[in-house]
>>> print(open('final_5.pdb').read())   # PDB, C-alpha atoms and all ligand atoms
ATOM      1  CA  MET X   1    -224.933 269.410-121.135
ATOM      2  CA  THR X   2    -224.162 269.015-124.834
ATOM      3  CA  LEU X   3    -223.444 265.402-125.700
ATOM      4  CA  PRO X   4    -221.002 264.507-128.475
ATOM      5  CA  VAL X   5    -222.490 263.369-131.755
ATOM      6  CA  PHE X   6    -220.730 260.316-133.175
ATOM      7  CA  SER X   7    -222.809 259.603-136.264
ATOM      8  CA  PRO X   8    -220.845 258.558-139.346
ATOM      9  CA  ALA X   9    -219.726 261.401-141.601
ATOM     10  CA  PRO X  10    -221.850 261.964-144.681
ATOM     11  CA  THR X  11    -220.236 260.526-147.828
ATOM     12  CA  PRO X  12    -218.398 263.358-149.621
ATOM     13  CA  VAL X  13    -219.810 264.244-153.012
ATOM     14  CA  ALA X  14    -216.962 264.368-155.586
ATOM     15  CA  GLY X  15    -216.296 267.998-156.496
ATOM     16  CA  GLY X  16    -219.285 268.983-154.378
ATOM     17  CA  GLY X  17    -220.179 269.319-150.694
ATOM     18  CA  PHE X  18    -218.095 268.246-147.699
ATOM     19  CA  ASP X  19    -214.798 268.033-149.630
ATOM     20  CA  ASP X  20    -211.421 269.497-148.553
ATOM     21  CA  ALA X  21    -211.848 272.823-150.365
ATOM     22  CA  ASP X  22    -215.345 273.215-148.907
ATOM     23  CA  TYR X  23    -214.021 272.561-145.366
ATOM     24  CA  ASP X  24    -211.072 274.979-145.853
ATOM     25  CA  SER X  25    -213.451 277.767-146.928
ATOM     26  CA  PHE X  26    -215.743 276.972-143.996
ATOM     27  CA  ILE X  27    -213.018 277.165-141.335
ATOM     28  CA  LYS X  28    -211.689 280.451-142.772
ATOM     29  CA  LYS X  29    -215.159 281.996-142.757
ATOM     30  CA  VAL X  30    -215.919 280.759-139.210
ATOM     31  CA  GLN X  31    -212.611 282.186-137.948
ATOM     32  CA  ALA X  32    -213.250 285.568-139.626
ATOM     33  CA  LYS X  33    -216.763 285.718-138.157
ATOM     34  CA  THR X  34    -216.276 284.290-134.651
ATOM     35  CA  GLY X  35    -212.490 284.256-134.037
ATOM     36  CA  ILE X  36    -212.698 280.481-133.379
ATOM     37  CA  LYS X  37    -209.824 278.624-135.027
ATOM     38  CA  LEU X  38    -211.347 275.333-136.142
ATOM     39  CA  ALA X  39    -208.051 274.635-137.964
ATOM     40  CA  ASP X  40    -206.443 273.951-134.563
ATOM     41  CA  TYR X  41    -208.961 271.194-133.734
ATOM     42  CA  LYS X  42    -208.202 267.648-134.948
ATOM     43  CA  PRO X  43    -209.591 267.756-138.496
ATOM     44  CA  GLU X  44    -211.072 264.214-138.641
ATOM     45  CA  GLN X  45    -213.208 264.718-135.514
ATOM     46  CA  MET X  46    -214.180 268.318-136.172
ATOM     47  CA  ARG X  47    -215.027 267.678-139.831
ATOM     48  CA  ARG X  48    -217.200 264.718-138.914
ATOM     49  CA  ARG X  49    -218.933 266.686-136.194
ATOM     50  CA  VAL X  50    -219.633 269.721-138.401
ATOM     51  CA  SER X  51    -220.756 267.684-141.418
ATOM     52  CA  THR X  52    -223.182 265.760-139.189
ATOM     53  CA  MET X  53    -224.587 269.039-137.834
ATOM     54  CA  ALA X  54    -224.881 270.477-141.354
ATOM     55  CA  THR X  55    -226.599 267.368-142.736
ATOM     56  CA  ARG X  56    -229.042 267.267-139.832
ATOM     57  CA  SER X  57    -229.966 270.880-140.570
ATOM     58  CA  GLY X  58    -230.558 269.954-144.229
ATOM     59  CA  PHE X  59    -227.387 271.328-145.873
ATOM     60  CA  HIS X  60    -225.280 269.468-148.424
ATOM     61  CA  SER X  61    -221.992 271.330-148.023
ATOM     62  CA  PHE X  62    -220.025 273.093-145.309
ATOM     63  CA  MET X  63    -220.355 276.422-147.095
ATOM     64  CA  ALA X  64    -224.117 276.092-147.582
ATOM     65  CA  TYR X  65    -224.278 275.588-143.799
ATOM     66  CA  TYR X  66    -222.024 278.608-143.194
ATOM     67  CA  ASN X  67    -223.998 280.863-145.558
ATOM     68  CA  ALA X  68    -227.192 279.963-143.717
ATOM     69  CA  MET X  69    -225.484 280.769-140.387
ATOM     70  CA  GLU X  70    -224.597 284.200-141.761
ATOM     71  CA  ARG X  71    -228.317 284.887-142.127
ATOM     72  CA  ASP X  72    -229.604 283.018-139.088
ATOM     73  CA  ALA X  73    -228.137 283.937-135.669
ATOM     74  CA  GLU X  74    -229.921 281.019-134.002
ATOM     75  CA  LEU X  75    -228.326 278.502-136.369
ATOM     76  CA  LEU X  76    -224.913 280.059-135.627
ATOM     77  CA  ALA X  77    -225.520 279.879-131.860
ATOM     78  CA  GLY X  78    -226.582 276.206-132.188
ATOM     79  CA  PHE X  79    -223.418 275.424-134.149
ATOM     80  CA  LEU X  80    -221.151 277.125-131.580
ATOM     81  CA  ASP X  81    -222.924 275.302-128.778
ATOM     82  CA  LYS X  82    -222.511 271.866-130.352
ATOM     83  CA  MET X  83    -218.951 272.188-131.639
ATOM     84  CA  THR X  84    -217.717 272.509-128.055
ATOM     85  CA  ILE X  85    -218.273 269.354-126.020
ATOM     86  CA  ASN X  86    -219.227 270.330-122.489
ATOM     87  CA  VAL X  87    -219.269 266.925-120.759
ATOM     88  CA  SER X  88    -218.083 267.197-117.154
ATOM     89  CA  GLU X  89    -218.998 266.157-113.607
ATOM     90  CA  LEU X  90    -218.054 266.978-110.023
ATOM     91  CA  LEU X  91    -214.883 265.254-108.767
ATOM     92  CA  ARG X  92    -214.255 263.774-112.217
ATOM     93  CA  ASN X  93    -211.596 261.025-111.848
ATOM     94  CA  PRO X  94    -211.584 260.987-108.018
ATOM     95  CA  ASN X  95    -208.197 259.210-107.800
ATOM     96  CA  ARG X  96    -206.494 262.107-109.560
ATOM     97  CA  PHE X  97    -208.073 264.582-107.125
ATOM     98  CA  ASP X  98    -206.873 262.323-104.312
ATOM     99  CA  ASP X  99    -203.341 262.710-105.665
ATOM    100  CA  LEU X 100    -203.883 266.464-105.867
ATOM    101  CA  VAL X 101    -204.970 266.688-102.235
ATOM    102  CA  LYS X 102    -202.475 264.210-100.751
ATOM    103  CA  LYS X 103    -199.370 264.616-102.889
ATOM    104  CA  VAL X 104    -199.456 267.885-104.809
ATOM    105  CA  LEU X 105    -201.151 270.489-102.627
ATOM    106  CA  PRO X 106    -199.225 269.889 -99.352
ATOM    107  CA  PRO X 107    -195.774 270.835-100.735
ATOM    108  CA  LEU X 108    -197.286 273.608-102.882
ATOM    109  CA  MET X 109    -199.152 275.158 -99.942
ATOM    110  CA  ALA X 110    -196.121 274.835 -97.668
ATOM    111  CA  GLN X 111    -194.007 276.529-100.307
ATOM    112  CA  ARG X 112    -196.575 279.384-100.472
ATOM    113  CA  LYS X 113    -196.601 279.575 -96.635
ATOM    114  CA  ASN X 114    -200.327 278.643 -96.590
ATOM    115  CA  ALA X 115    -201.339 281.865 -98.372
ATOM    116  CA  ALA X 116    -204.360 281.868-100.716
ATOM    117  CA  LEU X 117    -203.724 280.008-103.972
ATOM    118  CA  ASN X 118    -204.607 281.384-107.370
ATOM    119  CA  ILE X 119    -206.089 278.552-109.442
ATOM    120  CA  TRP X 120    -207.188 278.395-113.100
ATOM    121  CA  SER X 121    -209.688 275.832-114.375
ATOM    122  CA  ALA X 122    -209.082 276.176-118.136
ATOM    123  CA  GLY X 123    -211.921 274.793-120.271
ATOM    124  CA  CYS X 124    -214.183 274.696-117.208
ATOM    125  CA  SER X 125    -217.471 273.886-118.993
ATOM    126  CA  TYR X 126    -220.440 274.371-116.598
ATOM    127  CA  GLY X 127    -218.167 274.794-113.594
ATOM    128  CA  ALA X 128    -218.077 271.282-112.104
ATOM    129  CA  GLU X 129    -214.268 271.320-112.011
ATOM    130  CA  ALA X 130    -214.070 274.806-110.466
ATOM    131  CA  TYR X 131    -216.631 273.944-107.753
ATOM    132  CA  THR X 132    -214.826 270.651-107.092
ATOM    133  CA  LEU X 133    -211.690 272.654-106.382
ATOM    134  CA  ALA X 134    -213.607 275.146-104.274
ATOM    135  CA  MET X 135    -214.940 272.238-102.188
ATOM    136  CA  LEU X 136    -211.494 270.661-101.744
ATOM    137  CA  MET X 137    -209.800 273.966-100.907
ATOM    138  CA  HIS X 138    -212.561 274.762 -98.412
ATOM    139  CA  GLU X 139    -212.031 271.389 -96.749
ATOM    140  CA  ILE X 140    -208.272 271.947 -96.533
ATOM    141  CA  SER X 141    -208.263 275.578 -95.357
ATOM    142  CA  PRO X 142    -211.758 277.032 -94.877
ATOM    143  CA  ALA X 143    -210.543 280.422 -93.670
ATOM    144  CA  VAL X 144    -208.162 281.065 -96.576
ATOM    145  CA  PRO X 145    -209.736 282.932 -99.526
ATOM    146  CA  HIS X 146    -208.401 280.765-102.355
ATOM    147  CA  ARG X 147    -209.334 282.119-105.796
ATOM    148  CA  ILE X 148    -210.490 279.860-108.623
ATOM    149  CA  LYS X 149    -210.953 281.231-112.111
ATOM    150  CA  GLY X 150    -212.941 279.120-114.551
ATOM    151  CA  THR X 151    -212.620 279.989-118.230
ATOM    152  CA  ASP X 152    -214.209 278.590-121.373
ATOM    153  CA  ILE X 153    -214.733 279.590-124.987
ATOM    154  CA  ASP X 154    -218.478 278.949-124.709
ATOM    155  CA  THR X 155    -220.379 281.916-123.257
ATOM    156  CA  GLU X 156    -223.631 279.991-122.719
ATOM    157  CA  ILE X 157    -221.911 277.338-120.652
ATOM    158  CA  LEU X 158    -220.252 280.076-118.569
ATOM    159  CA  ALA X 159    -223.686 281.478-117.716
ATOM    160  CA  ARG X 160    -224.595 278.006-116.418
ATOM    161  CA  ALA X 161    -221.337 277.857-114.441
ATOM    162  CA  ARG X 162    -222.192 281.104-112.622
ATOM    163  CA  ASP X 163    -225.491 279.655-111.367
ATOM    164  CA  PRO X 164    -225.000 275.888-111.617
ATOM    165  CA  ARG X 165    -227.589 273.126-111.565
ATOM    166  CA  PHE X 166    -225.936 269.745-111.072
ATOM    167  CA  ASN X 167    -227.936 266.559-111.683
ATOM    168  CA  SER X 168    -227.485 263.129-110.113
ATOM    169  CA  ALA X 169    -224.968 262.120-112.812
ATOM    170  CA  ASP X 170    -222.829 265.147-111.889
ATOM    171  CA  MET X 171    -223.094 264.202-108.217
ATOM    172  CA  LEU X 172    -222.081 260.508-108.532
ATOM    173  CA  ASN X 173    -218.685 260.954-106.877
ATOM    174  CA  ILE X 174    -219.944 263.310-104.170
ATOM    175  CA  SER X 175    -220.566 261.576-100.831
ATOM    176  CA  PRO X 176    -223.791 262.309 -98.890
ATOM    177  CA  GLU X 177    -221.697 264.254 -96.318
ATOM    178  CA  ARG X 178    -220.152 266.430 -99.004
ATOM    179  CA  ARG X 179    -223.525 266.878-100.695
ATOM    180  CA  ALA X 180    -225.007 268.132 -97.426
ATOM    181  CA  ALA X 181    -222.071 270.435 -96.721
ATOM    182  CA  HIS X 182    -221.517 272.009-100.148
ATOM    183  CA  PHE X 183    -224.345 271.352-102.628
ATOM    184  CA  PRO X 184    -227.831 272.441-101.466
ATOM    185  CA  SER X 185    -230.839 270.985-103.226
ATOM    186  CA  ALA X 186    -232.297 273.121-106.036
ATOM    187  CA  GLY X 187    -235.387 271.073-106.895
ATOM    188  CA  ALA X 188    -235.999 267.578-108.266
ATOM    189  CA  ASP X 189    -232.711 265.932-109.313
ATOM    190  CA  ALA X 190    -230.954 269.301-109.011
ATOM    191  CA  TRP X 191    -228.268 270.631-106.720
ATOM    192  CA  THR X 192    -226.448 273.921-106.752
ATOM    193  CA  SER X 193    -223.224 275.217-105.198
ATOM    194  CA  ALA X 194    -223.257 276.713-101.701
ATOM    195  CA  PRO X 195    -222.290 280.380-101.182
ATOM    196  CA  HIS X 196    -218.947 279.429 -99.592
ATOM    197  CA  LEU X 197    -218.015 277.680-102.865
ATOM    198  CA  ARG X 198    -219.366 280.433-105.131
ATOM    199  CA  SER X 199    -217.411 283.136-103.315
ATOM    200  CA  LYS X 200    -214.168 281.401-104.345
ATOM    201  CA  CYS X 201    -215.087 281.034-108.034
ATOM    202  CA  GLN X 202    -215.159 283.503-110.914
ATOM    203  CA  PHE X 203    -215.920 282.716-114.536
ATOM    204  CA  ALA X 204    -214.776 284.475-117.704
ATOM    205  CA  LYS X 205    -214.587 283.839-121.418
ATOM    206  CA  HIS X 206    -211.155 282.835-122.701
ATOM    207  CA  ASP X 207    -210.079 281.060-125.873
ATOM    208  CA  LEU X 208    -207.099 278.814-125.141
ATOM    209  CA  LEU X 209    -206.090 278.958-128.803
ATOM    210  CA  ALA X 210    -206.004 282.746-128.887
ATOM    211  CA  GLY X 211    -204.767 283.531-125.365
ATOM    212  CA  PRO X 212    -203.708 285.689-123.636
ATOM    213  CA  TYR X 213    -201.599 283.756-121.129
ATOM    214  CA  PRO X 214    -200.917 286.168-118.231
ATOM    215  CA  LYS X 215    -197.377 285.917-116.915
ATOM    216  CA  ALA X 216    -196.660 284.087-113.623
ATOM    217  CA  GLU X 217    -200.192 284.496-112.271
ATOM    218  CA  TYR X 218    -201.289 281.027-111.125
ATOM    219  CA  ASP X 219    -200.165 278.505-108.496
ATOM    220  CA  LEU X 220    -202.185 275.693-110.040
ATOM    221  CA  ILE X 221    -203.705 275.254-113.497
ATOM    222  CA  LEU X 222    -206.156 272.485-114.392
ATOM    223  CA  CYS X 223    -206.692 271.769-118.063
ATOM    224  CA  ARG X 224    -208.424 268.412-118.366
ATOM    225  CA  ASN X 225    -210.332 266.872-121.257
ATOM    226  CA  VAL X 226    -209.987 270.017-123.374
ATOM    227  CA  VAL X 227    -206.830 269.730-125.504
ATOM    228  CA  ILE X 228    -207.805 266.209-126.649
ATOM    229  CA  TYR X 229    -209.697 267.949-129.455
ATOM    230  CA  PHE X 230    -206.679 269.982-130.630
ATOM    231  CA  THR X 231    -203.852 269.282-133.092
ATOM    232  CA  ASP X 232    -200.374 268.560-131.646
ATOM    233  CA  PRO X 233    -198.939 272.013-132.557
ATOM    234  CA  ALA X 234    -201.953 273.706-130.915
ATOM    235  CA  LYS X 235    -201.488 271.587-127.743
ATOM    236  CA  GLU X 236    -197.814 272.528-127.616
ATOM    237  CA  ARG X 237    -198.678 276.260-127.841
ATOM    238  CA  ILE X 238    -201.237 275.888-125.051
ATOM    239  CA  TYR X 239    -198.847 274.015-122.735
ATOM    240  CA  ARG X 240    -196.173 276.667-123.343
ATOM    241  CA  GLY X 241    -198.805 279.281-122.490
ATOM    242  CA  PHE X 242    -199.612 277.498-119.220
ATOM    243  CA  TYR X 243    -195.902 277.368-118.376
ATOM    244  CA  GLU X 244    -195.764 281.161-118.803
ATOM    245  CA  SER X 245    -198.864 281.625-116.655
ATOM    246  CA  LEU X 246    -197.613 279.514-113.740
ATOM    247  CA  LYS X 247    -195.608 281.076-110.941
ATOM    248  CA  PRO X 248    -192.309 279.282-110.209
ATOM    249  CA  GLY X 249    -193.158 276.109-108.256
ATOM    250  CA  GLY X 250    -196.677 276.110-109.736
ATOM    251  CA  VAL X 251    -198.313 272.949-111.074
ATOM    252  CA  LEU X 252    -200.233 271.995-114.234
ATOM    253  CA  PHE X 253    -202.827 269.202-113.749
ATOM    254  CA  VAL X 254    -203.871 267.449-117.004
ATOM    255  CA  GLY X 255    -206.584 264.903-117.859
ATOM    256  CA  GLY X 256    -206.478 261.149-117.313
ATOM    257  CA  THR X 257    -205.691 260.362-120.968
ATOM    258  CA  GLU X 258    -203.331 263.283-121.503
ATOM    259  CA  ARG X 259    -199.543 263.554-121.476
ATOM    260  CA  LEU X 260    -197.177 266.350-122.469
ATOM    261  CA  SER X 261    -195.164 264.785-125.300
ATOM    262  CA  ASP X 262    -191.931 266.517-124.212
ATOM    263  CA  HIS X 263    -192.479 268.349-120.923
ATOM    264  CA  ARG X 264    -188.725 268.962-120.420
ATOM    265  CA  ALA X 265    -188.479 270.908-123.671
ATOM    266  CA  ILE X 266    -191.012 273.367-122.238
ATOM    267  CA  GLY X 267    -189.292 273.488-118.841
ATOM    268  CA  PHE X 268    -191.692 271.349-116.784
ATOM    269  CA  GLU X 269    -190.670 268.546-114.446
ATOM    270  CA  LEU X 270    -193.025 265.595-113.929
ATOM    271  CA  GLN X 271    -194.031 265.678-110.256
ATOM    272  CA  ILE X 272    -196.237 262.555-110.396
ATOM    273  CA  PRO X 273    -198.274 261.253-113.369
ATOM    274  CA  PHE X 274    -200.651 263.963-114.700
ATOM    275  CA  PHE X 275    -198.997 266.755-112.645
ATOM    276  CA  TYR X 276    -196.264 268.902-114.194
ATOM    277  CA  ARG X 277    -194.334 271.373-112.076
ATOM    278  CA  LYS X 278    -192.625 274.601-113.134
ATOM    279  CA  PRO X 279    -189.300 274.558-111.250
ATOM    280  CA  LEU X 280    -188.687 277.202-108.567
TER     281      LEU X 280
HETATM  282  C1  LIG X 301    -215.118 268.095-122.068
HETATM  283  S1  LIG X 301    -215.221 269.734-121.390
HETATM  284  C2  LIG X 301    -214.062 269.593-120.053
HETATM  285  C3  LIG X 301    -214.606 270.137-118.768
HETATM  286  C4  LIG X 301    -213.707 269.916-117.544
HETATM  287  N1  LIG X 301    -212.386 270.451-117.748
HETATM  288  C5  LIG X 301    -213.644 268.460-117.185
HETATM  289  O1  LIG X 301    -212.601 267.822-117.388
HETATM  290  O2  LIG X 301    -214.652 267.929-116.706
HETATM  291  C6  LIG X 301    -214.299 270.662-122.618
HETATM  292  C7  LIG X 301    -214.528 272.169-122.541
HETATM  293  O3  LIG X 301    -213.518 272.807-123.336
HETATM  294  C8  LIG X 301    -214.100 273.959-123.900
HETATM  295  N2  LIG X 301    -213.298 274.418-125.045
HETATM  296  C9  LIG X 301    -213.258 273.908-126.311
HETATM  297  N3  LIG X 301    -212.424 274.653-127.069
HETATM  298  C10 LIG X 301    -211.922 275.635-126.265
HETATM  299  C11 LIG X 301    -211.023 276.717-126.474
HETATM  300  N4  LIG X 301    -210.474 276.925-127.665
HETATM  301  N5  LIG X 301    -210.750 277.537-125.421
HETATM  302  C12 LIG X 301    -211.327 277.331-124.210
HETATM  303  N6  LIG X 301    -212.188 276.332-123.950
HETATM  304  C13 LIG X 301    -212.490 275.495-124.975
HETATM  305  C14 LIG X 301    -215.492 273.491-124.301
HETATM  306  O4  LIG X 301    -216.380 274.586-124.471
HETATM  307  C15 LIG X 301    -215.866 272.590-123.126
HETATM  308  O5  LIG X 301    -216.625 273.268-122.157
END
>>> encode(input="final_5.pdb", output="structure tokens")
Amino acid sequence: MTLPVFSPAPTPVAGGGFDDADYDSFIKKVQAKTGIKLADYKPEQMRRRVSTMATRSGFHSFMAYYNAMERDAELLAGFLDKMTINVSELLRNPNRFDDLVKKVLPPLMAQRKNAALNIWSAGCSYGAEAYTLAMLMHEISPAVPHRIKGTDIDTEILARARDPRFNSADMLNISPERRAAHFPSAGADAWTSAPHLRSKCQFAKHDLLAGPYPKAEYDLILCRNVVIYFTDPAKERIYRGFYESLKPGGVLFVGGTERLSDHRAIGFELQIPFFYRKPL
């Protein structure tokens, strides 16, 4: 798991490194090389994070750091790894998942006549959210082949999601009964996901800022603790994309600190806090 770095930003050198022009050149170059639009991430946080990484690697400007990444694939891979924050855990915010199971899924599943649901965990990190859903859906309807697609911009984290190793911190909210039923031991302080969870989950690379947003494909979309790093216009584009990708009656589940600033303007109705429904 990559932990966020919150060291203070290096002091900008007047007319030199880490100034606005330097950052603008850096984000243009990174987008041209990797397709990642750093301009859509909140500039204060992203700038601080990148300047800390650059300084730690011994560079005195954003562009000196970029030029070195051009020559050194390992430095580039390290940068891409650290600029995405992969913190997650199983059953993260259990009360919200309680609401999902007790208040959101029953009417949704009744409306779909108990057929398999198509679920998207957007910004899935190492898969804890996708496997949480697989566990809950298995508990609700073990014989129904619900499909859960986990996507992330970070290819290395997706490789971990396909063959997960959860540690005791990941497992904090998982009861001993659930642990025994769904997460077999994989060594000291390590648990993995059981085959009946894996068979429900698929993982693929997807950049929420670039799309695509397939039309009316999902019954439920989870996007939690991902858009907090994005600018307001970028968030708005993403939420409109999710609206497109939900089937009528489908639900968007957002993180515990997240709100859609004007869900009605997009077309959503607020079902209960943190759950937005696309009308039938
Ligand atoms: C803090 S984790 C959230 C994991 C999970 N949703 C949860 O709430 O536990 C944020 C994830 O968003 C991913 N991410 C960042 N920018 C992204 C983008 N543009 N498109 C898709 N995923 C992105 C990161 O790679 C990271 O794995």
>>> residues_around(input="final_5.pdb", residues="stretch 264-269 of chain X", least_positions_apart="6", cutoff="9 Å", atoms="only C-alpha atoms", output="number ranges by chain")
X: 236, 239-240, 243, 251-252, 275-279
>>> write_last_selection(input="final_5.pdb", atoms="C-alpha atoms", output="CSV table (one decimal), in the frame of the given file")
chain,number,residue,atom,x,y,z
X,236,GLU,CA,-197.8,272.5,-127.6
X,239,TYR,CA,-198.8,274.0,-122.7
X,240,ARG,CA,-196.2,276.7,-123.3
X,243,TYR,CA,-195.9,277.4,-118.4
X,251,VAL,CA,-198.3,272.9,-111.1
X,252,LEU,CA,-200.2,272.0,-114.2
X,275,PHE,CA,-199.0,266.8,-112.6
X,276,TYR,CA,-196.3,268.9,-114.2
X,277,ARG,CA,-194.3,271.4,-112.1
X,278,LYS,CA,-192.6,274.6,-113.1
X,279,PRO,CA,-189.3,274.6,-111.2
>>> closest_residue(input="final_5.pdb", among="X:Val104, X:Ala210, X:Leu75, X:Cys223", to="X:Glu129", atoms="all atoms listed in the file")
X:Cys223
>>> closest_residue(input="final_5.pdb", among="X:Pro145, X:Asn173, X:Asp22, X:Tyr229", to="X:Asn95", atoms="only C-alpha atoms")
X:Asn173
>>> axis_aligned_box(input="final_5.pdb", around="stretch 111-123 of chain X", padding_each_side="6 Å", output="lines of an AutoDock Vina configuration file")
center_x = -203.0
center_y = 278.3
center_z = -108.4
size_x = 29.9
size_y = 19.1
size_z = 35.7
>>> residues_near_ligand(input="final_5.pdb", ligand="ligand LIG 301 (chain X)", cutoff="9 Å", atoms="only C-alpha atoms and all ligand atoms", output="PyMOL selection string")
chain X and resi 36-38+40-41+80-93+121-130+151-155+157-158+205-211+222-230+254-255
>>> atom_distance(input="final_5.pdb", atom1="atom CA of X:Pro43", atom2="atom CA of X:Gln31")
14.8 Å
>>> resolve_selection(input="final_5.pdb", expression="the PyMOL selection byres (((chain X and resi 246) around 6) and not hetatm)", output="MDAnalysis selection string")
chainID X and resid 216:219 243:245 247 250
>>> atom_distance(input="final_5.pdb", atom1="atom CA of X:Ala190", atom2="atom CA of X:Ile119")
26.5 Å
>>> resolve_selection(input="final_5.pdb", expression="the PyMOL selection byres (((chain X and resi 200) around 8) and not hetatm)", output="list in words")
Ala134, Pro145, His146, Arg147, Ile148, His196, Leu197, Arg198, Ser199, Cys201 and Gln202 of chain X
>>> residues_around(input="final_5.pdb", residues="X:Gly187", least_positions_apart="4", cutoff="12 Å", atoms="all atoms listed in the file", output="compact mmCIF listing (two decimals) with C-alpha atoms, keeping the file's coordinate frame")
# COMPACT_ATOMS: atom_id res chain seq x y z
CA ARG X 165 -227.59 273.13 -111.56
CA PHE X 166 -225.94 269.74 -111.07
CA ASN X 167 -227.94 266.56 -111.68
CA SER X 168 -227.48 263.13 -110.11
CA PHE X 183 -224.34 271.35 -102.63
CA TRP X 191 -228.27 270.63 -106.72
CA THR X 192 -226.45 273.92 -106.75
>>> resolve_selection(input="final_5.pdb", expression="the PyMOL selection byres (((chain X and resi 25) around 12) and not hetatm)", output="NGL selection string")
:X and (17-24 or 26-32 or 38-39 or 61-67)
>>> residues_near_point(input="final_5.pdb", point="(-203.4, 261.4, -113.0)", cutoff="6 Å", atoms="all atoms listed in the file", output="PDB file with C-alpha atoms, in the coordinates of the input")
ATOM      1  CA  ARG X  96    -206.494 262.107-109.560  1.00  0.00           C
ATOM      2  CA  GLY X 256    -206.478 261.149-117.313  1.00  0.00           C
ATOM      3  CA  PRO X 273    -198.274 261.253-113.369  1.00  0.00           C
ATOM      4  CA  PHE X 274    -200.651 263.963-114.700  1.00  0.00           C
TER       5      PHE X 274
END
>>> closest_residue(input="final_5.pdb", among="X:Ser141, X:Phe203, X:Asp262, X:Leu136", to="X:Arg160", atoms="only C-alpha atoms")
X:Phe203
>>> atom_distance(input="final_5.pdb", atom1="atom CA of X:Arg179", atom2="atom CA of X:Ala159")
22.4 Å
